[in-house]
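**Student:** Questions regarding the structure given below will be posed in turn.
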Amino acid sequence: MGQARSVRPATWLFAARSLRDFCDGFVAILLPVYLLALGFSPLQVGVIATASLFGSALLTIIIGFLGGHHDLRRLLLAAACLMVATGVAMPMISDYALLLAVAFAGTINPSAGSVSIFVPLEHAVLAREVTNADRTRMFARYSLVGALASAGGALAAALPDVMMRFGMTQLSSIRLMFVLYALVGILGGLLYARIPPRPVTHEDHKPAALGPSRAIVMKLAALFSLDAFAGGFVVQSLLALWLFERFDLSLSQAGVFFFWTGVLSAFSFPVAARLSKRIGLVNTMVFTHIPSSIALGLAAFAPTLPLVLVLLLVRAALSQMDVPTRSSYVMAVVTEAERAAAASFTSVPRSLASAASPALAGALFAASYRAWPLVICAGLKIIYDLLLLLQFRHLKPPEES
């Protein structure tokens with residue numbers, strides 16, 4: 001019976017995340033199309049995307065402070081309500097200033113990655129519902145579900161084209177997709193409502209969101225930001241641009257290639273969980289990341305397209321294995337009361353740092369230094385891995401002690 005109670009909350013969270021990431025998958029593609037159809041310029045589209053990222057970061061920080069003092073289920077339900085409100089507001093508004101406000105205060109995610117106010121709350125719930133021995137495996141499954149759902153959502157972005165064949169306009173069909181986004185928010189709220197509430201102890205003196213683990217969290221946040229800044233040099237769109245310009249890759253070929261990179265990344269998560277049981281969480285993060293960075297650096301100078309694609313597929317199979325292990329490690333080295341805050345303070349700087357480097361990569365592309373973004377990304381990531389190993393190789397999670 002105890003095991004059943006511990007599994008059920010994770011099941012509801014998995015279902016809720018799959019629905020949410022499915023929506024993020026198609027919204028990330030349809031949002032710029034929708035805004036351009038409303039008559040806004042590419043610059044205005046970029047400003048809205050930036051506002052949504054900064055708004056998500058601010059809300060995530062606030063959630064990090066609240067998570068230690070409030071029932072996590074209530075906060076998840078509030079986040080689901082915000083998702084519903086966002087989906088309702090987006091198709092009803094055509095004024096730019098109002099759209100900017102909705103993007104900043106709502107849950108629209110232009111990156112299709114799991115960067116939102118839901119993440120620290122779900123991490124905290126998952127971590128408290130499993131044993132130390134099962135925690136990394138749980139986060140691997142959580143990441144796998146999200147990655148596959150996001151891929152399915154990207155395919156669903158073609159639905160407006162299907163609806164247009166039946167006489168609907170492009171604007172109307174995309175607005176229906178935002179209605180679907182709101183409906184999924186309702187379904188997510190129903191799933192979160194199934195999570196058993198956990199009473200919060202009301203003390204005269206409430207501890208800070210980050211207490212004894214503050215120094216650890218700040219070091220991790222700084223290192224994770226370096227990793228994210230490096231990754232921003234080779235976001236998927238820029239990598240595709242590099243392949244188009246250097247090898248004249250067709251759109252259909254690029255689609256097949258990026259599909260397989262997504263599949264390899266998704267199924268690397270459970271492999272990472274198994275590997276971490278043998279060599280440890282930090283070693284798994286470092287010793288899978290370094291080979292992936294070397295493969296990326298070699299791809300920058302590989303002379304033929306088949307060799308480049310093989311190296312990039314190797315990178316895809318290894319580069320994301322630190323995702324579940326990183327989440328599990330953060331939850332392991334802080335106290336339970338600090339988990340929501342720790343997840344927030346390590347994820348927000350990542351999202352802000354990753355938003356800074358694509359512009360630099362674009363400038364390098366414009367200056368015809370097309371291989372440099374790949375080289376810079378690989379070099380910075382190797383530096384990050386070595387620093388992580390140096391700083392945290394002796395700080396073991398409970399299951400490795």
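Going by the structure tokens order, chains are called A, B, ..., each with residues numbered from 1, while ligands are numbered from 1 in the order shown.
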Determine, counting only C-alpha atoms, which protein, DNA and RNA residues have an atom within 7 Å of an atom of segment 16-26 of chain A; residues of the same chain fewer than 6 positions away are not included. Present the result as a PDB file with N, CA and C atoms, in the first residue's frame.

**Tutor:**
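Dumped to selection.pdb:
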ATOM      1  N   ASN A 109       5.437  29.145 -23.831  1.00  0.00           N
ATOM      2  CA  ASN A 109       6.850  28.755 -23.842  1.00  0.00           C
ATOM      3  C   ASN A 109       7.347  28.695 -25.281  1.00  0.00           C
ATOM      4  N   ALA A 112       9.966  25.443 -26.427  1.00  0.00           N
ATOM      5  CA  ALA A 112       9.550  24.044 -26.471  1.00  0.00           C
ATOM      6  C   ALA A 112      10.310  23.181 -25.473  1.00  0.00           C
ATOM      7  N   VAL A 145       9.312  11.076 -20.885  1.00  0.00           N
ATOM      8  CA  VAL A 145       7.911  11.379 -21.200  1.00  0.00           C
ATOM      9  C   VAL A 145       7.790  12.769 -21.811  1.00  0.00           C
ATOM     10  N   GLY A 146       8.465  13.743 -21.208  1.00  0.00           N
ATOM     11  CA  GLY A 146       8.381  15.105 -21.715  1.00  0.00           C
ATOM     12  C   GLY A 146       8.962  15.255 -23.110  1.00  0.00           C
ATOM     13  N   ALA A 149       6.626  13.632 -25.711  1.00  0.00           N
ATOM     14  CA  ALA A 149       5.404  14.421 -25.871  1.00  0.00           C
ATOM     15  C   ALA A 149       5.668  15.700 -26.655  1.00  0.00           C
ATOM     16  N   SER A 150       6.805  16.331 -26.393  1.00  0.00           N
ATOM     17  CA  SER A 150       7.155  17.549 -27.126  1.00  0.00           C
ATOM     18  C   SER A 150       7.347  17.254 -28.616  1.00  0.00           C
ATOM     19  N   ALA A 151       7.950  16.113 -28.930  1.00  0.00           N
ATOM     20  CA  ALA A 151       8.109  15.728 -30.334  1.00  0.00           C
ATOM     21  C   ALA A 151       6.753  15.523 -31.002  1.00  0.00           C
ATOM     22  N   GLY A 152       5.829  14.895 -30.277  1.00  0.00           N
ATOM     23  CA  GLY A 152       4.477  14.736 -30.813  1.00  0.00           C
ATOM     24  C   GLY A 152       3.787  16.070 -31.013  1.00  0.00           C
ATOM     25  N   GLY A 153       4.019  17.006 -30.094  1.00  0.00           N
ATOM     26  CA  GLY A 153       3.431  18.338 -30.247  1.00  0.00           C
ATOM     27  C   GLY A 153       3.955  19.065 -31.463  1.00  0.00           C
ATOM     28  N   ALA A 154       5.240  18.873 -31.780  1.00  0.00           N
ATOM     29  CA  ALA A 154       5.796  19.495 -32.981  1.00  0.00           C
ATOM     30  C   ALA A 154       5.086  18.991 -34.236  1.00  0.00           C
ATOM     31  N   ALA A 156       2.017  18.032 -34.271  1.00  0.00           N
ATOM     32  CA  ALA A 156       0.667  18.600 -34.219  1.00  0.00           C
ATOM     33  C   ALA A 156       0.608  20.032 -34.734  1.00  0.00           C
ATOM     34  N   ALA A 157       1.771  20.685 -34.849  1.00  0.00           N
ATOM     35  CA  ALA A 157       1.791  22.044 -35.393  1.00  0.00           C
ATOM     36  C   ALA A 157       1.307  22.089 -36.839  1.00  0.00           C
ATOM     37  N   TYR A 181      -4.840  24.463 -26.180  1.00  0.00           N
ATOM     38  CA  TYR A 181      -3.873  24.720 -25.112  1.00  0.00           C
ATOM     39  C   TYR A 181      -4.583  24.956 -23.783  1.00  0.00           C
ATOM     40  N   VAL A 184      -6.170  21.703 -22.478  1.00  0.00           N
ATOM     41  CA  VAL A 184      -5.147  20.835 -21.882  1.00  0.00           C
ATOM     42  C   VAL A 184      -4.770  21.340 -20.494  1.00  0.00           C
ATOM     43  N   GLY A 188      -4.759  19.158 -17.192  1.00  0.00           N
ATOM     44  CA  GLY A 188      -3.610  19.120 -16.290  1.00  0.00           C
ATOM     45  C   GLY A 188      -4.004  19.430 -14.859  1.00  0.00           C
ATOM     46  N   LEU A 191      -5.509  16.457 -13.273  1.00  0.00           N
ATOM     47  CA  LEU A 191      -4.492  15.478 -12.894  1.00  0.00           C
ATOM     48  C   LEU A 191      -3.755  15.912 -11.622  1.00  0.00           C
TER      49      LEU A 191
END

**Student:** Smallest atom-to-atom distance to Ala10 of chain A: which of A:Phe139, A:Phe178, A:Phe392, A:Phe257, using only C-alpha atoms?

**Tutor:**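 Nearest to Ala10 of chain A: A:Phe139.
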
**Student:** Pick out the closest residue to Ile382 of chain A from this set: A:Ala316, A:Leu144, A:Met285, A:Ala85. Count only C-alpha atoms.

**Tutor:** A:Met285

**Student:** Name the residues of segment 103-176 of chain A that come out as helix (DSSP H, G or I) in a backbone DSSP run; write them as a PyMOL selection string.

**Tutor:** chain A and resi 103-105+118-129+132-156+159-164+170-176

**Student:** Selected residues, C-alpha atoms, written as a compact mmCIF listing (two decimals), in the first residue's frame, please.

**Tutor:**
# COMPACT_ATOMS: atom_id res chain seq x y z
CA ALA A 103 3.38 36.55 -22.80
CA PHE A 104 5.18 37.96 -19.76
CA ALA A 105 2.63 36.91 -17.15
CA PHE A 118 5.67 23.85 -13.30
CA VAL A 119 9.21 22.44 -13.29
CA PRO A 120 10.46 23.24 -9.73
CA LEU A 121 7.12 22.16 -8.25
CA GLU A 122 7.05 18.86 -10.12
CA HIS A 123 10.69 18.19 -9.24
CA ALA A 124 9.95 18.72 -5.56
CA VAL A 125 6.91 16.41 -5.63
CA LEU A 126 8.78 13.68 -7.50
CA ALA A 127 11.75 13.84 -5.16
CA ARG A 128 9.63 13.40 -2.04
CA GLU A 129 7.65 10.47 -3.46
CA ASN A 132 17.02 7.82 -2.88
CA ALA A 133 17.78 4.65 -4.82
CA ASP A 134 14.88 5.22 -7.25
CA ARG A 135 15.12 9.00 -7.61
CA THR A 136 17.36 9.17 -10.71
CA ARG A 137 15.33 6.50 -12.50
CA MET A 138 12.17 8.51 -11.76
CA PHE A 139 13.68 11.69 -13.22
CA ALA A 140 14.84 9.76 -16.28
CA ARG A 141 11.29 8.57 -16.94
CA TYR A 142 9.99 12.08 -16.30
CA SER A 143 12.41 13.53 -18.88
CA LEU A 144 11.66 10.77 -21.39
CA VAL A 145 7.91 11.38 -21.20
CA GLY A 146 8.38 15.11 -21.71
CA ALA A 147 10.75 14.74 -24.67
CA LEU A 148 8.51 12.31 -26.54
CA ALA A 149 5.40 14.42 -25.87
CA SER A 150 7.16 17.55 -27.13
CA ALA A 151 8.11 15.73 -30.33
CA GLY A 152 4.48 14.74 -30.81
CA GLY A 153 3.43 18.34 -30.25
CA ALA A 154 5.80 19.50 -32.98
CA LEU A 155 4.00 17.18 -35.40
CA ALA A 156 0.67 18.60 -34.22
CA LEU A 159 -2.94 20.72 -37.81
CA PRO A 160 -3.71 24.34 -38.86
CA ASP A 161 -2.67 23.46 -42.42
CA VAL A 162 -5.08 20.53 -42.33
CA MET A 163 -7.88 22.76 -41.04
CA MET A 164 -7.21 25.29 -43.79
CA GLN A 170 -4.89 30.48 -40.91
CA LEU A 171 -5.67 32.82 -38.01
CA SER A 172 -8.82 30.93 -37.04
CA SER A 173 -7.09 27.56 -37.15
CA ILE A 174 -4.20 28.73 -34.99
CA ARG A 175 -6.62 30.31 -32.53
CA LEU A 176 -8.26 26.91 -32.18

**Student:** Ranking A:Thr169, A:Gln320, A:Ser265, A:Thr325 by minimum distance to Asn283 of chain A and counting only C-alpha atoms, which one comes first?

**Tutor:** A:Thr325
